[in-house]
Amino acid sequence: MPTKRLSVSVLVCLGTILTLGVGRAYADTVTFNNSASHPGGLVTVGNTVTLANGAIDDVARINPLVAGAITGTCGPSGGATFGCIQVTTGAFVGPITTTGSNDYAYMGAGSSLTVVGGIPSLGIPAGTALFTGLFDPNSNVVLQFDDTCQSAPTQCTGSITGTLAPGLLNSVLAAAFGVSPNTLGGNDQNLFVNFTGVSFPTSGFPTGSGPGNTNQLQVVTPAVAAVPEPTSMLLLGSGLLFTVRLVRRRSHGK
């Protein structure tokens, strides 16, 4: 009986050690950002919407905060260079009449999105694909014009927003940030791009092109598998060794 009671106590202690030793696993957000002081990019609007050479200057993990500067070829000519984001939407769907604003929908299906650049602090060279993904094929990408527009010709400042499908982070970047390279899809993953100089029509799809500035690209990573901490593993190993010796002594003493 003492041996059985001891075995139960060992199981309880083992469960406690494992519970305390395993770190919490949770999803996290990685953001690709561009400051207003680094303009760059050209938005072209027609049957599709494209963003070419949009500037991206840093990437960060939200919790805990880990960040790195991005370098590349999308900065202003003659100055410092930054990373580059390229976007292409699917085909034009139609105006969004439920919002009461000048909003237009484009298919998420047939889209593409890439972030290319280097992160010197991580040894990632310029021209490396830092993120590749698609917009959610079951959701629309929205081209939204601001309420106040110029006239003659009618031109507006606006934005592009869309929900992302699962994508892929660069493996070195993901490892340095402590996140999974496989990102999740979801409504909280949006691309925000401001542009100016594109005209909205009385019918059909908008046309034109104008400077575009990427504010932020958010991607969410799944929870990383929890791993027991080294200290807890050491305690666990020592505890098991002590328990085995104690059980043997009691067994031989019967």
# chains A, B, ... in the order shown; residues from 1 in each chain; ligands from 1
>>> residues_around(residues="range 107-116 of chain A", least_positions_apart="5", cutoff="8 Å", atoms="only C-alpha atoms", output="ChimeraX atom specification")
/A:56,72,83-93,126-141,162
>>> residues_around(residues="Val43 in chain A", least_positions_apart="3", cutoff="8 Å", atoms="only C-alpha atoms", output="compact mmCIF listing (two decimals) with N, CA and C atoms, in the first residue's frame")
# COMPACT_ATOMS: atom_id res chain seq x y z
N VAL A 49 -7.17 46.00 -59.37
CA VAL A 49 -6.42 47.04 -58.67
C VAL A 49 -5.03 46.48 -58.37
N THR A 50 -4.01 47.26 -58.70
CA THR A 50 -2.65 46.83 -58.40
C THR A 50 -1.93 47.90 -57.60
N LEU A 51 -1.04 47.44 -56.75
CA LEU A 51 -0.10 48.32 -56.05
C LEU A 51 1.29 47.84 -56.42
N ALA A 52 2.06 48.69 -57.06
CA ALA A 52 3.43 48.34 -57.45
C ALA A 52 4.42 49.17 -56.64
N PHE A 195 -4.28 56.07 -51.37
CA PHE A 195 -3.88 56.51 -52.69
C PHE A 195 -4.61 57.82 -53.01
N SER A 209 -4.72 56.10 -62.12
CA SER A 209 -3.60 55.69 -61.28
C SER A 209 -3.19 56.86 -60.41
N GLY A 210 -2.51 56.55 -59.34
CA GLY A 210 -2.06 57.60 -58.44
C GLY A 210 -1.07 57.07 -57.44
N PRO A 211 -0.35 57.96 -56.76
CA PRO A 211 0.62 57.53 -55.74
C PRO A 211 -0.08 56.75 -54.63
N GLY A 212 0.54 55.69 -54.19
CA GLY A 212 -0.02 54.89 -53.11
C GLY A 212 0.97 54.76 -51.97
>>> closest_residue(among="A:Leu173, A:Ala223, A:Val30, A:Val142", to="Gly117 in chain A", atoms="only C-alpha atoms")
A:Leu173
>>> atom_distance(atom1="CA of Gly186 in chain A", atom2="CA of Leu168 in chain A")
14.3 Å
>>> atom_distance(atom1="CA of Ser121 in chain A", atom2="CA of Ala176 in chain A")
10.2 Å
>>> closest_residue(among="A:Gly167, A:Gly94, A:Pro39, A:Gly118", to="Leu143 in chain A", atoms="only C-alpha atoms")
A:Gly94
>>> select_by_dssp(residues="range 65-234 of chain A", states="strand (DSSP E)", output="ChimeraX atom specification")
/A:66-69,83-88,92-95,103-107,112-119,124-133,140-145,156-161,163-164,168-169,186-198,208-221
>>> closest_residue(among="A:Thr207, A:Gly178, A:Asn215, A:Phe200", to="Thr161 in chain A", atoms="only C-alpha atoms")
A:Asn215
>>> atom_distance(atom1="CA of Gln155 in chain A", atom2="CA of Gly197 in chain A")
5.2 Å
>>> residues_around(residues="Asn102 in chain A", least_positions_apart="3", cutoff="9 Å", atoms="only C-alpha atoms", output="list in words")
Pro95, Ile96, Thr97, Thr99, Leu143, Gln144, Phe145, Asp146, Asp147 and Phe200 of chain A
>>> write_last_selection(atoms="N, CA and C atoms", output="PDB file, in the first residue's frame")
ATOM      1  N   PRO A  95     -20.052  48.082 -57.730  1.00  0.00           N
ATOM      2  CA  PRO A  95     -20.123  49.046 -56.623  1.00  0.00           C
ATOM      3  C   PRO A  95     -20.811  48.419 -55.418  1.00  0.00           C
ATOM      4  N   ILE A  96     -20.435  48.889 -54.244  1.00  0.00           N
ATOM      5  CA  ILE A  96     -21.071  48.429 -53.009  1.00  0.00           C
ATOM      6  C   ILE A  96     -22.133  49.451 -52.644  1.00  0.00           C
ATOM      7  N   THR A  97     -23.381  49.084 -52.824  1.00  0.00           N
ATOM      8  CA  THR A  97     -24.477  50.035 -52.642  1.00  0.00           C
ATOM      9  C   THR A  97     -24.958  50.113 -51.202  1.00  0.00           C
ATOM     10  N   THR A  99     -23.250  50.642 -48.449  1.00  0.00           N
ATOM     11  CA  THR A  99     -22.515  51.551 -47.563  1.00  0.00           C
ATOM     12  C   THR A  99     -22.918  53.010 -47.748  1.00  0.00           C
ATOM     13  N   LEU A 143     -12.203  48.719 -52.601  1.00  0.00           N
ATOM     14  CA  LEU A 143     -11.601  49.994 -52.984  1.00  0.00           C
ATOM     15  C   LEU A 143     -12.550  51.084 -52.492  1.00  0.00           C
ATOM     16  N   GLN A 144     -12.100  51.864 -51.518  1.00  0.00           N
ATOM     17  CA  GLN A 144     -12.972  52.833 -50.876  1.00  0.00           C
ATOM     18  C   GLN A 144     -12.459  54.244 -51.099  1.00  0.00           C
ATOM     19  N   PHE A 145     -13.320  55.089 -51.672  1.00  0.00           N
ATOM     20  CA  PHE A 145     -12.988  56.495 -51.856  1.00  0.00           C
ATOM     21  C   PHE A 145     -13.462  57.301 -50.655  1.00  0.00           C
ATOM     22  N   ASP A 146     -12.688  58.324 -50.296  1.00  0.00           N
ATOM     23  CA  ASP A 146     -13.111  59.219 -49.222  1.00  0.00           C
ATOM     24  C   ASP A 146     -14.342  60.003 -49.660  1.00  0.00           C
ATOM     25  N   ASP A 147     -15.079  60.520 -48.669  1.00  0.00           N
ATOM     26  CA  ASP A 147     -16.318  61.234 -48.974  1.00  0.00           C
ATOM     27  C   ASP A 147     -16.060  62.559 -49.682  1.00  0.00           C
ATOM     28  N   PHE A 200     -13.541  58.119 -59.714  1.00  0.00           N
ATOM     29  CA  PHE A 200     -14.634  57.154 -59.632  1.00  0.00           C
ATOM     30  C   PHE A 200     -15.684  57.523 -60.689  1.00  0.00           C
TER      31      PHE A 200
END
>>> select_by_dssp(residues="range 134-185 of chain A", states="alpha helix (DSSP H)", output="list in words")
Ser171, Val172, Leu173, Ala174, Ala175, Ala176 and Phe177 of chain A
